[in-house]
Amino acid sequence: MTAFVASLGFLPMALSNGAGAEVQRPLATVVIGGLMLATLLTLFVLPVLYILFEHKKTRHPMQPINKIVTVLMVFTCLLPLNSSGQTISLNAAIDTALRNNTGLKNEQLKSEYAQKLKAAAWDIPATEISGEYGQINSALNDTKFGIAQTINFPTVYSNKKTCKMPITQVVC
């Protein structure tokens with residue numbers, strides 16, 4: 001299928017009649033022929049060669065060591081998996097599964113994280129103070145001081161407080 005699709009991709013190039021077609025047509029026909037021949041060799045000739053060469057190696061009967069290994073493998077598969085003879089109840093199995101389930105632990109931690117961040121919903125960011133000295137706007141040395149405070153619209157804080165998702169992803 002892959003070679004067939006690639007060949008179909010080269011088909012417009014092989015059938016073209018426009019400018020440069022005298023170079024494109026031979027190239028496309030060679031590529032299409034190569035893809036089809038490679039597919040034919042891979043699907044038919046290679047398996048026949050494999051059968052011919054492997055058939056010569058397998059004419060000997062199975063050696064005794066191979067029979068012993070086969071019997072041991074069959075008996076190993078038939079052994080019980082729980083060799084300790086210890087059984088657990090359904091509730092104990094469920095408790096163990098809940099304790100070891102990483103996905104469930106992750107969701108519980110996310111929930112706890114969101115609950116703890118609800119207390120920080122009304123926190124206002126710190127005030128930023130900046131200062132600069134040097135040649136800022138002219139050839140003379142300038143002094144520049146700045147103060148900035150970020151306060152969101154009040155509905156942002158109320159949405160953070162009521163949402164069930166983490167505060168960093170508020171899209172309520």
# chains A, B, ... in the order shown; residues from 1 in each chain; ligands from 1
call {"tool": "residues_around", "arguments": {"residues": "Leu35 (chain A)", "least_positions_apart": "6", "cutoff": "12 Å", "atoms": "only C-alpha atoms", "output": "ChimeraX atom specification"}}
result
/A:1-10,28-29,41-42
call {"tool": "write_last_selection", "arguments": {"atoms": "N, CA and C atoms", "output": "PDB file, in the first residue's frame"}}
result
ATOM      1  N   MET A   1       0.833  -1.196   0.000  1.00  0.00           N
ATOM      2  CA  MET A   1       0.000   0.000   0.000  1.00  0.00           C
ATOM      3  C   MET A   1       0.872   1.252   0.000  1.00  0.00           C
ATOM      4  N   THR A   2       1.944   1.242   0.743  1.00  0.00           N
ATOM      5  CA  THR A   2       2.809   2.410   0.800  1.00  0.00           C
ATOM      6  C   THR A   2       3.442   2.685  -0.556  1.00  0.00           C
ATOM      7  N   ALA A   3       3.953   1.656  -1.182  1.00  0.00           N
ATOM      8  CA  ALA A   3       4.569   1.818  -2.500  1.00  0.00           C
ATOM      9  C   ALA A   3       3.529   2.238  -3.528  1.00  0.00           C
ATOM     10  N   PHE A   4       2.329   1.703  -3.423  1.00  0.00           N
ATOM     11  CA  PHE A   4       1.256   2.060  -4.357  1.00  0.00           C
ATOM     12  C   PHE A   4       0.887   3.533  -4.216  1.00  0.00           C
ATOM     13  N   VAL A   5       0.781   4.018  -2.998  1.00  0.00           N
ATOM     14  CA  VAL A   5       0.450   5.427  -2.773  1.00  0.00           C
ATOM     15  C   VAL A   5       1.578   6.324  -3.267  1.00  0.00           C
ATOM     16  N   ALA A   6       2.833   5.929  -3.012  1.00  0.00           N
ATOM     17  CA  ALA A   6       3.959   6.718  -3.510  1.00  0.00           C
ATOM     18  C   ALA A   6       3.967   6.737  -5.033  1.00  0.00           C
ATOM     19  N   SER A   7       3.626   5.629  -5.651  1.00  0.00           N
ATOM     20  CA  SER A   7       3.556   5.572  -7.116  1.00  0.00           C
ATOM     21  C   SER A   7       2.461   6.480  -7.643  1.00  0.00           C
ATOM     22  N   LEU A   8       1.320   6.498  -6.951  1.00  0.00           N
ATOM     23  CA  LEU A   8       0.242   7.408  -7.367  1.00  0.00           C
ATOM     24  C   LEU A   8       0.666   8.857  -7.237  1.00  0.00           C
ATOM     25  N   GLY A   9       1.530   9.154  -6.272  1.00  0.00           N
ATOM     26  CA  GLY A   9       2.038  10.509  -6.119  1.00  0.00           C
ATOM     27  C   GLY A   9       2.921  10.925  -7.283  1.00  0.00           C
ATOM     28  N   PHE A  10       3.626   9.984  -7.882  1.00  0.00           N
ATOM     29  CA  PHE A  10       4.487  10.290  -9.024  1.00  0.00           C
ATOM     30  C   PHE A  10       3.735  10.226 -10.358  1.00  0.00           C
ATOM     31  N   ALA A  28      10.163  10.087 -13.169  1.00  0.00           N
ATOM     32  CA  ALA A  28       8.972   9.543 -12.519  1.00  0.00           C
ATOM     33  C   ALA A  28       8.754   8.084 -12.900  1.00  0.00           C
ATOM     34  N   THR A  29       8.960   7.740 -14.181  1.00  0.00           N
ATOM     35  CA  THR A  29       8.748   6.346 -14.582  1.00  0.00           C
ATOM     36  C   THR A  29       9.769   5.420 -13.917  1.00  0.00           C
ATOM     37  N   LEU A  41       9.503  -7.845  -5.238  1.00  0.00           N
ATOM     38  CA  LEU A  41      10.586  -8.640  -4.668  1.00  0.00           C
ATOM     39  C   LEU A  41      10.367  -8.903  -3.182  1.00  0.00           C
ATOM     40  N   THR A  42       9.895  -7.893  -2.451  1.00  0.00           N
ATOM     41  CA  THR A  42       9.697  -8.048  -1.010  1.00  0.00           C
ATOM     42  C   THR A  42       8.570  -9.014  -0.690  1.00  0.00           C
TER      43      THR A  42
END
call {"tool": "residues_around", "arguments": {"residues": "region 110-124 of chain A", "least_positions_apart": "2", "cutoff": "6 Å", "atoms": "only C-alpha atoms", "output": "PDB file with N, CA and C atoms, in the first residue's frame"}}
result
ATOM      1  N   GLU A 107      -5.307  12.942  41.171  1.00  0.00           N
ATOM      2  CA  GLU A 107      -6.546  13.723  41.236  1.00  0.00           C
ATOM      3  C   GLU A 107      -6.828  14.205  42.654  1.00  0.00           C
ATOM      4  N   GLN A 108      -6.530  13.387  43.658  1.00  0.00           N
ATOM      5  CA  GLN A 108      -6.718  13.823  45.043  1.00  0.00           C
ATOM      6  C   GLN A 108      -5.793  14.979  45.382  1.00  0.00           C
ATOM      7  N   TYR A 157     -11.484  37.702  41.047  1.00  0.00           N
ATOM      8  CA  TYR A 157     -11.254  37.156  42.382  1.00  0.00           C
ATOM      9  C   TYR A 157     -12.434  36.292  42.837  1.00  0.00           C
ATOM     10  N   LYS A 160     -12.247  32.964  41.042  1.00  0.00           N
ATOM     11  CA  LYS A 160     -11.216  32.108  41.635  1.00  0.00           C
ATOM     12  C   LYS A 160     -11.717  31.461  42.916  1.00  0.00           C
ATOM     13  N   LYS A 161     -12.524  32.182  43.655  1.00  0.00           N
ATOM     14  CA  LYS A 161     -13.023  31.685  44.937  1.00  0.00           C
ATOM     15  C   LYS A 161     -14.056  30.575  44.743  1.00  0.00           C
ATOM     16  N   PRO A 166      -8.034  24.429  39.555  1.00  0.00           N
ATOM     17  CA  PRO A 166      -6.924  25.192  40.136  1.00  0.00           C
ATOM     18  C   PRO A 166      -6.979  26.658  39.739  1.00  0.00           C
TER      19      PRO A 166
END
call {"tool": "closest_residue", "arguments": {"among": "A:Leu43, A:Ala97, A:Met36, A:Leu11", "to": "Gln24 (chain A)", "atoms": "only C-alpha atoms"}}
result
A:Leu11
call {"tool": "atom_distance", "arguments": {"atom1": "CA of Asn141 (chain A)", "atom2": "CA of Ile129 (chain A)"}}
result
20.1 Å
call {"tool": "atom_distance", "arguments": {"atom1": "CA of Ala148 (chain A)", "atom2": "CA of Thr127 (chain A)"}}
result
5.9 Å
call {"tool": "residues_around", "arguments": {"residues": "Glu132 (chain A)", "least_positions_apart": "6", "cutoff": "7 Å", "atoms": "only C-alpha atoms", "output": "PyMOL selection string"}}
result
chain A and resi 143-145
call {"tool": "decode", "arguments": {"residues": "region 124-156 of chain A", "atoms": "N, CA, C and O atoms", "output": "CSV table (one decimal), in the first residue's frame"}}
result
chain,number,residue,atom,x,y,z
A,124,ILE,N,-3.7,40.0,46.6
A,124,ILE,CA,-3.3,41.0,45.6
A,124,ILE,C,-1.8,40.9,45.4
A,124,ILE,O,-1.1,40.9,46.4
A,125,PRO,N,-1.3,41.0,44.2
A,125,PRO,CA,0.1,40.9,44.0
A,125,PRO,C,0.9,42.0,44.7
A,125,PRO,O,0.3,43.1,44.9
A,126,ALA,N,2.1,41.8,44.9
A,126,ALA,CA,3.0,42.9,45.6
A,126,ALA,C,3.2,44.1,44.7
A,126,ALA,O,3.1,44.0,43.5
A,127,THR,N,3.4,45.2,45.3
A,127,THR,CA,3.7,46.4,44.6
A,127,THR,C,5.1,46.4,44.1
A,127,THR,O,6.0,46.0,44.8
A,128,GLU,N,5.3,46.8,42.8
A,128,GLU,CA,6.6,46.7,42.2
A,128,GLU,C,7.1,48.2,42.2
A,128,GLU,O,6.5,49.1,41.7
A,129,ILE,N,8.4,48.3,42.6
A,129,ILE,CA,9.1,49.6,42.7
A,129,ILE,C,10.3,49.4,41.8
A,129,ILE,O,11.1,48.4,42.0
A,130,SER,N,10.6,50.3,40.9
A,130,SER,CA,11.8,50.2,40.1
A,130,SER,C,12.5,51.6,40.1
A,130,SER,O,11.9,52.6,40.3
A,131,GLY,N,13.7,51.6,39.8
A,131,GLY,CA,14.5,52.8,39.6
A,131,GLY,C,15.6,52.6,38.6
A,131,GLY,O,16.2,51.5,38.5
A,132,GLU,N,15.9,53.7,37.9
A,132,GLU,CA,17.0,53.7,36.9
A,132,GLU,C,17.8,54.9,37.0
A,132,GLU,O,17.3,56.0,37.3
A,133,TYR,N,19.1,54.9,36.7
A,133,TYR,CA,19.9,56.0,36.7
A,133,TYR,C,20.9,55.9,35.5
A,133,TYR,O,21.4,54.8,35.3
A,134,GLY,N,21.0,56.9,34.8
A,134,GLY,CA,21.9,56.9,33.6
A,134,GLY,C,21.4,57.8,32.5
A,134,GLY,O,20.6,58.6,32.7
A,135,GLN,N,22.0,57.6,31.3
A,135,GLN,CA,21.6,58.3,30.2
A,135,GLN,C,20.4,57.7,29.5
A,135,GLN,O,20.5,56.8,28.7
A,136,ILE,N,19.2,58.1,29.9
A,136,ILE,CA,18.0,57.4,29.5
A,136,ILE,C,17.4,58.2,28.3
A,136,ILE,O,17.2,57.6,27.2
A,137,ASN,N,17.2,59.5,28.4
A,137,ASN,CA,16.5,60.2,27.3
A,137,ASN,C,17.4,61.3,26.7
A,137,ASN,O,17.0,61.9,25.7
A,138,SER,N,18.5,61.6,27.3
A,138,SER,CA,19.4,62.7,26.8
A,138,SER,C,20.8,62.3,27.1
A,138,SER,O,21.2,61.3,27.6
A,139,ALA,N,21.7,63.3,26.7
A,139,ALA,CA,23.1,63.1,27.0
A,139,ALA,C,23.4,63.3,28.4
A,139,ALA,O,24.5,62.9,28.9
A,140,LEU,N,22.5,63.9,29.2
A,140,LEU,CA,22.7,64.0,30.6
A,140,LEU,C,22.3,62.8,31.4
A,140,LEU,O,21.5,62.0,30.9
A,141,ASN,N,22.8,62.7,32.6
A,141,ASN,CA,22.3,61.5,33.4
A,141,ASN,C,20.9,61.8,34.0
A,141,ASN,O,20.7,62.9,34.5
A,142,ASP,N,20.1,60.9,33.8
A,142,ASP,CA,18.7,61.0,34.3
A,142,ASP,C,18.4,60.0,35.4
A,142,ASP,O,19.1,59.0,35.6
A,143,THR,N,17.4,60.4,36.2
A,143,THR,CA,17.0,59.5,37.3
A,143,THR,C,15.5,59.2,37.0
A,143,THR,O,14.7,60.0,36.7
A,144,LYS,N,15.2,57.9,37.1
A,144,LYS,CA,13.8,57.5,36.8
A,144,LYS,C,13.4,56.5,37.9
A,144,LYS,O,14.1,55.5,38.2
A,145,PHE,N,12.2,56.8,38.5
A,145,PHE,CA,11.6,56.0,39.5
A,145,PHE,C,10.2,55.5,39.0
A,145,PHE,O,9.5,56.3,38.4
A,146,GLY,N,9.9,54.3,39.3
A,146,GLY,CA,8.5,53.8,38.9
A,146,GLY,C,7.9,53.0,40.0
A,146,GLY,O,8.6,52.3,40.8
A,147,ILE,N,6.6,53.0,40.1
A,147,ILE,CA,5.8,52.2,41.0
A,147,ILE,C,4.6,51.7,40.3
A,147,ILE,O,4.0,52.4,39.5
A,148,ALA,N,4.4,50.3,40.5
A,148,ALA,CA,3.3,49.7,39.7
A,148,ALA,C,2.5,48.7,40.7
A,148,ALA,O,3.2,48.0,41.5
A,149,GLN,N,1.2,48.7,40.6
A,149,GLN,CA,0.4,47.8,41.3
A,149,GLN,C,-0.6,47.2,40.4
A,149,GLN,O,-1.3,47.9,39.7
A,150,THR,N,-0.7,45.8,40.4
A,150,THR,CA,-1.6,45.1,39.5
A,150,THR,C,-2.8,44.7,40.4
A,150,THR,O,-2.7,44.0,41.4
A,151,ILE,N,-4.0,45.1,40.0
A,151,ILE,CA,-5.2,44.7,40.6
A,151,ILE,C,-6.2,44.3,39.5
A,151,ILE,O,-6.5,45.1,38.6
A,152,ASN,N,-6.7,43.1,39.6
A,152,ASN,CA,-7.6,42.5,38.6
A,152,ASN,C,-9.0,43.1,38.8
A,152,ASN,O,-9.3,43.6,39.9
A,153,PHE,N,-9.9,42.9,37.9
A,153,PHE,CA,-11.3,43.2,38.0
A,153,PHE,C,-11.9,42.3,39.1
A,153,PHE,O,-11.5,41.2,39.2
A,154,PRO,N,-12.8,42.9,39.9
A,154,PRO,CA,-13.3,42.1,41.1
A,154,PRO,C,-13.9,40.7,40.7
A,154,PRO,O,-13.8,39.8,41.5
A,155,THR,N,-14.5,40.6,39.5
A,155,THR,CA,-15.1,39.3,39.2
A,155,THR,C,-14.0,38.2,39.1
A,155,THR,O,-14.3,37.0,39.2
A,156,VAL,N,-12.8,38.6,38.7
A,156,VAL,CA,-11.7,37.6,38.6
A,156,VAL,C,-11.5,36.9,40.0
A,156,VAL,O,-11.4,35.7,40.1
